[in-house]
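Engineer: protein.cif is the file, holding mmCIF, C-alpha atoms, pLDDT in the B column; chains and numbers go by the auth columns:
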```
data_run
loop_
_atom_site.group_PDB
_atom_site.id
_atom_site.type_symbol
_atom_site.label_atom_id
_atom_site.label_comp_id
_atom_site.label_asym_id
_atom_site.label_seq_id
_atom_site.Cartn_x
_atom_site.Cartn_y
_atom_site.Cartn_z
_atom_site.B_iso_or_equiv
_atom_site.auth_seq_id
_atom_site.auth_asym_id
ATOM 1 C CA MET A 1 -67.239 184.278 82.289 51.00 177 A
ATOM 2 C CA SER A 2 -65.538 180.928 82.066 50.00 178 A
ATOM 3 C CA TYR A 3 -63.839 178.457 84.351 47.00 179 A
ATOM 4 C CA ILE A 4 -60.702 176.379 84.325 49.00 180 A
ATOM 5 C CA ASN A 5 -60.215 172.931 85.773 43.00 181 A
ATOM 6 C CA PRO A 6 -59.293 172.650 89.437 40.00 182 A
ATOM 7 C CA SER A 7 -55.618 172.628 90.270 40.00 183 A
ATOM 8 C CA MET A 8 -54.558 169.790 92.499 34.00 184 A
ATOM 9 C CA GLY A 9 -51.588 169.957 94.789 36.00 185 A
ATOM 10 C CA SER A 10 -50.735 173.614 94.174 38.00 186 A
ATOM 11 C CA GLY A 11 -48.329 174.856 96.781 40.00 187 A
ATOM 12 C CA SER A 12 -47.210 171.347 97.731 37.00 188 A
ATOM 13 C CA ARG A 13 -43.716 172.705 98.259 38.00 189 A
ATOM 14 C CA THR A 14 -45.155 175.058 100.832 37.00 190 A
ATOM 15 C CA ALA A 15 -47.284 172.468 102.630 39.00 191 A
ATOM 16 C CA ARG A 16 -46.779 168.760 103.099 41.00 192 A
ATOM 17 C CA ARG A 17 -50.344 167.731 102.417 54.00 193 A
ATOM 18 C CA THR A 18 -51.914 167.795 98.990 65.00 194 A
ATOM 19 C CA MET A 19 -54.685 170.339 98.703 70.00 195 A
ATOM 20 C CA GLU A 20 -57.495 169.914 96.203 92.00 196 A
ATOM 21 C CA PHE A 21 -58.891 173.254 95.157 96.00 197 A
ATOM 22 C CA GLY A 22 -62.303 173.617 93.583 95.00 198 A
ATOM 23 C CA ARG A 23 -63.334 175.178 90.298 96.00 199 A
ATOM 24 C CA THR A 24 -61.726 178.449 89.271 97.00 200 A
ATOM 25 C CA TYR A 25 -63.935 180.973 87.461 98.00 201 A
ATOM 26 C CA VAL A 26 -62.501 183.654 85.196 98.00 202 A
ATOM 27 C CA VAL A 27 -64.109 186.972 84.265 97.00 203 A
ATOM 28 C CA ARG A 28 -62.299 188.183 81.171 97.00 204 A
ATOM 29 C CA PRO A 29 -61.703 191.898 80.545 96.00 205 A
ATOM 30 C CA LYS A 30 -64.136 193.644 78.232 94.00 206 A
ATOM 31 C CA GLY A 31 -61.462 196.161 77.218 95.00 207 A
ATOM 32 C CA LYS A 32 -57.666 196.215 77.064 95.00 208 A
ATOM 33 C CA HIS A 33 -56.179 193.721 79.523 97.00 209 A
ATOM 34 C CA GLN A 34 -54.142 195.876 81.906 97.00 210 A
ATOM 35 C CA ALA A 35 -54.468 194.074 85.239 98.00 211 A
ATOM 36 C CA THR A 36 -55.327 190.673 86.702 98.00 212 A
ATOM 37 C CA MET A 37 -56.817 190.330 90.166 98.00 213 A
ATOM 38 C CA VAL A 38 -57.398 187.098 92.081 98.00 214 A
ATOM 39 C CA TRP A 39 -60.520 187.456 94.243 98.00 215 A
ATOM 40 C CA LEU A 40 -60.992 185.165 97.260 98.00 216 A
ATOM 41 C CA HIS A 41 -64.416 184.274 98.634 98.00 217 A
ATOM 42 C CA GLY A 42 -65.400 183.947 102.285 97.00 218 A
ATOM 43 C CA LEU A 43 -65.876 180.821 104.400 96.00 219 A
ATOM 44 C CA GLY A 44 -68.330 178.345 102.826 96.00 220 A
ATOM 45 C CA ASP A 45 -68.670 180.267 99.568 97.00 221 A
ATOM 46 C CA ASN A 46 -67.211 179.603 96.108 97.00 222 A
ATOM 47 C CA GLY A 47 -65.613 181.307 93.127 97.00 223 A
ATOM 48 C CA SER A 48 -68.851 181.393 91.150 97.00 224 A
ATOM 49 C CA SER A 49 -70.568 183.884 93.459 95.00 225 A
ATOM 50 C CA SER A 50 -67.452 186.081 93.459 95.00 226 A
ATOM 51 C CA SER A 51 -67.329 186.107 89.659 96.00 227 A
ATOM 52 C CA GLN A 52 -70.971 187.169 89.410 94.00 228 A
ATOM 53 C CA LEU A 53 -70.325 190.174 91.676 94.00 229 A
ATOM 54 C CA LEU A 54 -67.120 191.188 89.901 96.00 230 A
ATOM 55 C CA GLU A 55 -68.588 190.825 86.407 95.00 231 A
ATOM 56 C CA SER A 56 -70.964 193.688 87.193 93.00 232 A
ATOM 57 C CA LEU A 57 -68.226 196.182 88.142 95.00 233 A
ATOM 58 C CA ALA A 58 -67.235 199.023 85.821 93.00 234 A
ATOM 59 C CA LEU A 59 -63.654 197.782 85.480 96.00 235 A
ATOM 60 C CA PRO A 60 -63.322 196.676 81.847 96.00 236 A
ATOM 61 C CA ASN A 61 -59.516 196.449 81.894 96.00 237 A
ATOM 62 C CA ILE A 62 -59.279 193.885 84.701 98.00 238 A
ATOM 63 C CA LYS A 63 -59.277 190.129 84.367 98.00 239 A
ATOM 64 C CA TRP A 64 -60.676 188.511 87.502 98.00 240 A
ATOM 65 C CA ILE A 65 -59.608 185.040 88.614 98.00 241 A
ATOM 66 C CA CYS A 66 -61.983 183.581 91.203 98.00 242 A
ATOM 67 C CA PRO A 67 -60.752 180.283 92.676 98.00 243 A
ATOM 68 C CA THR A 68 -62.720 178.044 95.010 98.00 244 A
ATOM 69 C CA ALA A 69 -61.098 177.020 98.279 98.00 245 A
ATOM 70 C CA PRO A 70 -60.629 173.353 99.255 97.00 246 A
ATOM 71 C CA THR A 71 -63.433 171.686 101.191 96.00 247 A
ATOM 72 C CA ARG A 72 -62.156 170.782 104.636 94.00 248 A
ATOM 73 C CA PRO A 73 -63.448 170.280 108.185 93.00 249 A
ATOM 74 C CA VAL A 74 -63.511 173.667 109.920 92.00 250 A
ATOM 75 C CA ALA A 75 -63.033 173.695 113.682 91.00 251 A
ATOM 76 C CA ILE A 76 -64.965 176.914 114.284 88.00 252 A
ATOM 77 C CA LEU A 77 -67.991 175.158 112.728 90.00 253 A
ATOM 78 C CA GLY A 78 -67.591 172.103 114.940 91.00 254 A
ATOM 79 C CA GLY A 79 -65.704 170.186 112.288 91.00 255 A
ATOM 80 C CA PHE A 80 -68.369 170.638 109.624 93.00 256 A
ATOM 81 C CA PRO A 81 -66.740 170.458 106.162 94.00 257 A
ATOM 82 C CA CYS A 82 -67.009 173.491 103.914 96.00 258 A
ATOM 83 C CA THR A 83 -64.866 175.544 101.565 97.00 259 A
ATOM 84 C CA ALA A 84 -62.141 177.338 103.510 96.00 260 A
ATOM 85 C CA TRP A 85 -58.737 178.765 102.653 97.00 261 A
ATOM 86 C CA PHE A 86 -57.457 177.412 105.970 94.00 262 A
ATOM 87 C CA ASP A 87 -58.860 175.810 109.096 92.00 263 A
ATOM 88 C CA ALA A 88 -59.961 178.261 111.774 86.00 264 A
ATOM 89 C CA GLY A 89 -60.449 177.161 115.354 79.00 265 A
ATOM 90 C CA GLU A 90 -61.247 180.671 116.514 75.00 266 A
ATOM 91 C CA LEU A 91 -61.037 184.154 115.085 74.00 267 A
ATOM 92 C CA SER A 92 -57.554 185.358 115.958 68.00 268 A
ATOM 93 C CA ASP A 93 -55.174 187.805 114.364 66.00 269 A
ATOM 94 C CA ASP A 94 -52.197 186.831 116.518 65.00 270 A
ATOM 95 C CA THR A 95 -51.846 183.245 115.362 61.00 271 A
ATOM 96 C CA THR A 96 -53.468 180.683 113.108 67.00 272 A
ATOM 97 C CA ASN A 97 -53.789 177.029 114.026 71.00 273 A
ATOM 98 C CA ASP A 98 -53.434 176.060 110.368 86.00 274 A
ATOM 99 C CA LEU A 99 -50.424 177.909 108.989 87.00 275 A
ATOM 100 C CA GLU A 100 -49.804 174.963 106.668 91.00 276 A
ATOM 101 C CA GLY A 101 -53.231 175.277 105.057 93.00 277 A
ATOM 102 C CA LEU A 102 -52.970 179.070 104.840 94.00 278 A
ATOM 103 C CA GLU A 103 -49.602 178.945 103.106 94.00 279 A
ATOM 104 C CA ALA A 104 -50.805 176.242 100.695 95.00 280 A
ATOM 105 C CA SER A 105 -53.658 178.558 99.671 97.00 281 A
ATOM 106 C CA VAL A 106 -51.316 181.546 99.353 97.00 282 A
ATOM 107 C CA ALA A 107 -49.015 179.487 97.099 96.00 283 A
ATOM 108 C CA HIS A 108 -51.964 178.344 94.972 97.00 284 A
ATOM 109 C CA ILE A 109 -53.043 181.966 94.496 98.00 285 A
ATOM 110 C CA ALA A 110 -49.521 183.033 93.518 98.00 286 A
ATOM 111 C CA ASN A 111 -49.391 180.164 91.029 97.00 287 A
ATOM 112 C CA LEU A 112 -52.597 181.421 89.395 97.00 288 A
ATOM 113 C CA LEU A 113 -51.003 184.848 88.901 98.00 289 A
ATOM 114 C CA SER A 114 -47.564 183.630 87.860 96.00 290 A
ATOM 115 C CA THR A 115 -48.682 182.714 84.323 95.00 291 A
ATOM 116 C CA GLU A 116 -50.151 186.137 83.514 97.00 292 A
ATOM 117 C CA PRO A 117 -48.459 188.318 80.834 96.00 293 A
ATOM 118 C CA ALA A 118 -45.427 190.271 82.002 95.00 294 A
ATOM 119 C CA ASP A 119 -46.956 193.675 81.157 95.00 295 A
ATOM 120 C CA VAL A 120 -50.094 193.071 83.234 97.00 296 A
ATOM 121 C CA LYS A 121 -50.349 194.426 86.788 98.00 297 A
ATOM 122 C CA LEU A 122 -51.198 191.820 89.422 98.00 298 A
ATOM 123 C CA GLY A 123 -53.218 191.970 92.615 98.00 299 A
ATOM 124 C CA ILE A 124 -55.204 189.989 95.185 98.00 300 A
ATOM 125 C CA GLY A 125 -58.439 190.838 96.977 98.00 301 A
ATOM 126 C CA GLY A 126 -60.988 189.062 99.075 98.00 302 A
ATOM 127 C CA PHE A 127 -63.849 189.079 101.542 98.00 303 A
ATOM 128 C CA SER A 128 -63.723 187.825 105.154 97.00 304 A
ATOM 129 C CA MET A 129 -61.470 184.717 105.226 96.00 305 A
ATOM 130 C CA GLY A 130 -60.557 185.587 101.649 98.00 306 A
ATOM 131 C CA ALA A 131 -59.456 189.029 102.843 98.00 307 A
ATOM 132 C CA ALA A 132 -57.380 187.403 105.590 96.00 308 A
ATOM 133 C CA THR A 133 -55.660 185.239 102.964 97.00 309 A
ATOM 134 C CA ALA A 134 -55.069 188.257 100.706 98.00 310 A
ATOM 135 C CA LEU A 135 -53.478 190.223 103.553 97.00 311 A
ATOM 136 C CA TYR A 136 -51.251 187.303 104.496 96.00 312 A
ATOM 137 C CA SER A 137 -50.213 187.167 100.816 97.00 313 A
ATOM 138 C CA ALA A 138 -49.209 190.834 101.082 97.00 314 A
ATOM 139 C CA THR A 139 -46.849 190.048 103.965 96.00 315 A
ATOM 140 C CA CYS A 140 -45.317 187.142 102.008 96.00 316 A
ATOM 141 C CA PHE A 141 -44.786 189.454 99.016 97.00 317 A
ATOM 142 C CA ALA A 142 -43.042 192.090 101.112 96.00 318 A
ATOM 143 C CA HIS A 143 -40.957 189.468 102.913 94.00 319 A
ATOM 144 C CA GLY A 144 -40.074 187.927 99.565 95.00 320 A
ATOM 145 C CA LYS A 145 -40.797 184.402 100.723 93.00 321 A
ATOM 146 C CA TYR A 146 -43.250 182.056 102.362 92.00 322 A
ATOM 147 C CA GLY A 147 -42.920 180.971 105.978 87.00 323 A
ATOM 148 C CA ASN A 148 -40.872 177.925 104.973 87.00 324 A
ATOM 149 C CA GLY A 149 -38.331 180.051 103.108 90.00 325 A
ATOM 150 C CA ASN A 150 -39.401 179.319 99.519 93.00 326 A
ATOM 151 C CA PRO A 151 -39.418 182.502 97.399 95.00 327 A
ATOM 152 C CA TYR A 152 -42.691 184.317 96.769 96.00 328 A
ATOM 153 C CA PRO A 153 -42.873 184.470 92.946 96.00 329 A
ATOM 154 C CA VAL A 154 -45.262 187.335 92.142 97.00 330 A
ATOM 155 C CA ASN A 155 -44.875 191.121 92.037 97.00 331 A
ATOM 156 C CA LEU A 156 -48.068 192.419 93.628 98.00 332 A
ATOM 157 C CA ARG A 157 -49.340 195.875 92.735 98.00 333 A
ATOM 158 C CA ALA A 158 -52.586 195.990 94.766 98.00 334 A
ATOM 159 C CA VAL A 159 -54.192 194.171 97.699 98.00 335 A
ATOM 160 C CA ILE A 160 -57.785 194.571 98.918 98.00 336 A
ATOM 161 C CA GLY A 161 -59.340 193.227 102.107 98.00 337 A
ATOM 162 C CA LEU A 162 -63.061 193.583 102.832 98.00 338 A
ATOM 163 C CA SER A 163 -64.385 192.641 106.297 98.00 339 A
ATOM 164 C CA GLY A 164 -61.282 190.614 107.127 97.00 340 A
ATOM 165 C CA TRP A 165 -58.416 190.258 109.555 95.00 341 A
ATOM 166 C CA LEU A 166 -54.648 189.713 109.452 95.00 342 A
ATOM 167 C CA PRO A 167 -53.530 186.179 110.426 92.00 343 A
ATOM 168 C CA GLY A 168 -50.206 186.036 112.233 85.00 344 A
ATOM 169 C CA SER A 169 -50.150 189.782 112.855 86.00 345 A
ATOM 170 C CA ARG A 170 -47.746 189.353 115.756 84.00 346 A
ATOM 171 C CA ASN A 171 -44.970 188.336 113.338 84.00 347 A
ATOM 172 C CA VAL A 172 -45.476 190.927 110.608 90.00 348 A
ATOM 173 C CA ARG A 173 -43.064 193.554 111.919 87.00 349 A
ATOM 174 C CA ASN A 174 -40.323 190.955 112.349 84.00 350 A
ATOM 175 C CA LYS A 175 -40.793 189.919 108.722 83.00 351 A
ATOM 176 C CA ILE A 176 -40.293 193.467 107.462 90.00 352 A
ATOM 177 C CA GLU A 177 -37.791 195.058 109.838 84.00 353 A
ATOM 178 C CA GLY A 178 -34.152 194.315 109.230 79.00 354 A
ATOM 179 C CA SER A 179 -34.503 193.985 105.452 89.00 355 A
ATOM 180 C CA HIS A 180 -34.240 197.050 103.228 93.00 356 A
ATOM 181 C CA GLU A 181 -35.839 195.149 100.350 94.00 357 A
ATOM 182 C CA ALA A 182 -38.782 194.005 102.481 95.00 358 A
ATOM 183 C CA ALA A 183 -39.268 197.557 103.760 94.00 359 A
ATOM 184 C CA ARG A 184 -39.178 198.892 100.190 95.00 360 A
ATOM 185 C CA CYS A 185 -41.725 196.332 98.973 96.00 361 A
ATOM 186 C CA ALA A 186 -44.019 197.003 101.948 97.00 362 A
ATOM 187 C CA ALA A 187 -43.914 200.763 101.424 96.00 363 A
ATOM 188 C CA SER A 188 -44.645 200.461 97.693 96.00 364 A
ATOM 189 C CA LEU A 189 -47.648 198.094 97.915 98.00 365 A
ATOM 190 C CA PRO A 190 -51.058 199.801 97.810 98.00 366 A
ATOM 191 C CA ILE A 191 -53.553 198.193 100.214 98.00 367 A
ATOM 192 C CA LEU A 192 -57.247 199.006 100.652 98.00 368 A
ATOM 193 C CA LEU A 193 -59.051 197.791 103.777 98.00 369 A
ATOM 194 C CA CYS A 194 -62.809 198.234 104.213 98.00 370 A
ATOM 195 C CA HIS A 195 -64.838 197.177 107.250 98.00 371 A
ATOM 196 C CA GLY A 196 -68.360 197.670 108.524 98.00 372 A
ATOM 197 C CA LYS A 197 -68.731 199.032 112.046 98.00 373 A
ATOM 198 C CA CYS A 198 -71.665 196.686 112.685 98.00 374 A
ATOM 199 C CA ASP A 199 -69.918 193.506 111.512 97.00 375 A
ATOM 200 C CA GLU A 200 -71.131 190.719 113.811 96.00 376 A
ATOM 201 C CA VAL A 201 -68.992 187.957 112.252 95.00 377 A
ATOM 202 C CA VAL A 202 -65.556 189.593 112.002 95.00 378 A
ATOM 203 C CA PRO A 203 -65.848 192.498 114.450 96.00 379 A
ATOM 204 C CA TYR A 204 -64.722 195.935 113.323 97.00 380 A
ATOM 205 C CA ARG A 205 -61.778 195.943 115.722 96.00 381 A
ATOM 206 C CA TYR A 206 -60.091 193.219 113.642 95.00 382 A
ATOM 207 C CA GLY A 207 -60.103 195.469 110.586 97.00 383 A
ATOM 208 C CA GLU A 208 -58.779 198.360 112.660 96.00 384 A
ATOM 209 C CA ARG A 209 -56.005 196.207 114.094 95.00 385 A
ATOM 210 C CA ALA A 210 -55.016 194.888 110.656 96.00 386 A
ATOM 211 C CA SER A 211 -54.689 198.475 109.456 97.00 387 A
ATOM 212 C CA TYR A 212 -52.626 199.456 112.506 96.00 388 A
ATOM 213 C CA VAL A 213 -50.292 196.445 112.356 95.00 389 A
ATOM 214 C CA LEU A 214 -49.638 196.747 108.630 96.00 390 A
ATOM 215 C CA SER A 215 -49.075 200.514 108.811 96.00 391 A
ATOM 216 C CA SER A 216 -46.745 200.130 111.803 95.00 392 A
ATOM 217 C CA ALA A 217 -44.757 197.448 109.949 95.00 393 A
ATOM 218 C CA GLY A 218 -44.093 199.798 107.034 95.00 394 A
ATOM 219 C CA PHE A 219 -47.052 199.306 104.678 97.00 395 A
ATOM 220 C CA ARG A 220 -47.420 203.056 104.323 95.00 396 A
ATOM 221 C CA ASN A 221 -49.524 203.064 101.152 97.00 397 A
ATOM 222 C CA LEU A 222 -52.591 201.783 103.021 98.00 398 A
ATOM 223 C CA GLN A 223 -56.118 203.178 103.130 98.00 399 A
ATOM 224 C CA PHE A 224 -58.674 202.083 105.715 98.00 400 A
ATOM 225 C CA LYS A 225 -62.362 202.796 105.108 97.00 401 A
ATOM 226 C CA ALA A 226 -64.976 202.368 107.847 97.00 402 A
ATOM 227 C CA TYR A 227 -68.687 202.040 107.068 97.00 403 A
ATOM 228 C CA ASP A 228 -71.329 203.018 109.608 96.00 404 A
ATOM 229 C CA GLY A 229 -74.215 200.560 109.845 96.00 405 A
ATOM 230 C CA LEU A 230 -72.563 197.926 107.635 97.00 406 A
ATOM 231 C CA GLY A 231 -72.546 194.298 108.775 96.00 407 A
ATOM 232 C CA HIS A 232 -70.698 191.305 107.346 97.00 408 A
ATOM 233 C CA TYR A 233 -71.550 191.874 103.702 96.00 409 A
ATOM 234 C CA THR A 234 -70.729 194.214 100.840 95.00 410 A
ATOM 235 C CA VAL A 235 -72.808 197.150 99.608 95.00 411 A
ATOM 236 C CA PRO A 236 -72.681 199.105 96.321 95.00 412 A
ATOM 237 C CA ARG A 237 -70.954 202.138 97.830 95.00 413 A
ATOM 238 C CA GLU A 238 -68.184 199.894 99.141 97.00 414 A
ATOM 239 C CA MET A 239 -67.721 198.281 95.729 97.00 415 A
ATOM 240 C CA ASP A 240 -67.704 201.760 94.162 96.00 416 A
ATOM 241 C CA GLU A 241 -64.839 202.573 96.525 96.00 417 A
ATOM 242 C CA VAL A 242 -63.026 199.442 95.335 97.00 418 A
ATOM 243 C CA CYS A 243 -63.497 200.461 91.688 97.00 419 A
ATOM 244 C CA ASN A 244 -62.280 204.012 92.228 96.00 420 A
ATOM 245 C CA TRP A 245 -59.299 202.817 94.246 97.00 421 A
ATOM 246 C CA LEU A 246 -58.234 200.235 91.645 97.00 422 A
ATOM 247 C CA ASN A 247 -58.582 202.771 88.819 96.00 423 A
ATOM 248 C CA ALA A 248 -56.337 205.207 90.664 95.00 424 A
ATOM 249 C CA ARG A 249 -53.744 202.765 92.010 95.00 425 A
ATOM 250 C CA LEU A 250 -53.375 200.693 88.845 95.00 426 A
ATOM 251 C CA GLY A 251 -53.708 203.582 86.400 91.00 427 A
ATOM 252 C CA LEU A 252 -56.389 201.838 84.378 89.00 428 A
ATOM 253 C CA GLU A 253 -57.559 203.334 81.096 73.00 429 A
ATOM 254 C CA GLY A 254 -61.152 203.939 80.033 58.00 430 A
ATOM 255 C CA SER A 255 -62.678 202.825 83.337 46.00 431 A
ATOM 256 C CA ARG A 256 -64.515 205.994 84.305 46.00 432 A
ATOM 257 C CA ARG A 257 -68.258 205.797 84.314 41.00 433 A
#
```
Give the structure from this file in structure tokens form.

Structural biologist:
Amino acid sequence: MSYINPSMGSGSRTARRTMEFGRTYVVRPKGKHQATMVWLHGLGDNGSSSSQLLESLALPNIKWICPTAPTRPVAILGGFPCTAWFDAGELSDDTTNDLEGLEASVAHIANLLSTEPADVKLGIGGFSMGAATALYSATCFAHGKYGNGNPYPVNLRAVIGLSGWLPGSRNVRNKIEGSHEAARCAASLPILLCHGKCDEVVPYRYGERASYVLSSAGFRNLQFKAYDGLGHYTVPREMDEVCNWLNARLGLEGSRR
């Protein structure tokens, strides 16, 4: 595991304000480098804890990039500053009160992937607010551009969302319908959603709705996994599901246990 220096101002073309992202940790592949995944932590966490979890997975052909979100006041915490991919005033899948911050984070993530080798498959995953950011990235990929019209620069091959929600879900269908290219990209993108039925932080219905909205908008290659008794955390059987899914969807070599 290693880390690279924080990137300042990434996505400044997408958002007016300059965002200062924290340290980015990298888990390098133990085998042939076939895929690179950016993994996004939850509210108040950091890239270090993500890298420690991912380093233990039986996925030797994946390079993991684990950035740390900017530290900002978060309205849902009464303005207390912590790491967050965007400001959240309340948990809502219809709108976000900080589209600017969300799109700056999405651009930063795309920038991290844009320098990877051309023959490497690219993807994004995350937990909780990180999952929300990953799913919003999926809609930008299918649409081919960010909300401000700048082109989305990365060809995504896999998106994973654990215990998350879909920000701006009301606008997803409008982004996809009316464009044959957007519909083609949406249909071709594999997405895995996992959610615990006993999640007390991001209730299960938000995961269900994200699955419904994305499927209805044309993301047909989507799998939704529900876990009885699971709260707002990950468990080994869920991470086993992630491993198996990535092996199958990305066609990774030598990853079977």

Engineer: Please define a box with edges along x, y and z of the file around all atoms of range 227-233 of chain A given in the file, extend it by 8 Å on each side, and return its centre and edge lengths in Å to one decimal, as lines of an AutoDock Vina configuration file.

Structural biologist:
```
center_x = -69.0
center_y = 191.1
center_z = 89.0
size_x = 19.9
size_y = 26.1
size_z = 21.3
```

Engineer: Name the closest residue to Trp261 in chain A among the candidates A:Phe197, A:Phe400, A:Tyr328, A:Phe395; distances are taken between atoms, counting only C-alpha atoms.

Structural biologist: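 Ranked by minimum distance to Trp261 in chain A, first place goes to A:Phe197.
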
Engineer: Looking at A:Trp215, A:Tyr409, A:Trp341, A:Phe256, which one is nearest to Lys239 in chain A, with distances taken over all atoms listed in the file?

Structural biologist: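 The closest residue to Lys239 in chain A is A:Trp215.
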
Engineer: Any idea what's packed within 12 Å of Glu414 in chain A, counting all atoms listed in the file, ignoring anything in its chain fewer than 6 positions away? Could you give it as a PyMOL selection string?

Structural biologist: chain A and resi 233+303+336-339+368-372+400-404+406-407+420-421

Engineer: A:Asn331, A:Asn273, A:Thr315, A:Asn222: which is nearest Asn347 in chain A, counting only C-alpha atoms?

Structural biologist: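 Residue with the minimum atom-to-atom distance to Asn347 in chain A: A:Thr315.
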
Engineer: Return the single residue from A:Cys419, A:Ile241, A:Val282, A:Leu219 that is closest to Val203 in chain A, with distances computed using all atoms listed in the file.

Structural biologist: A:Ile241
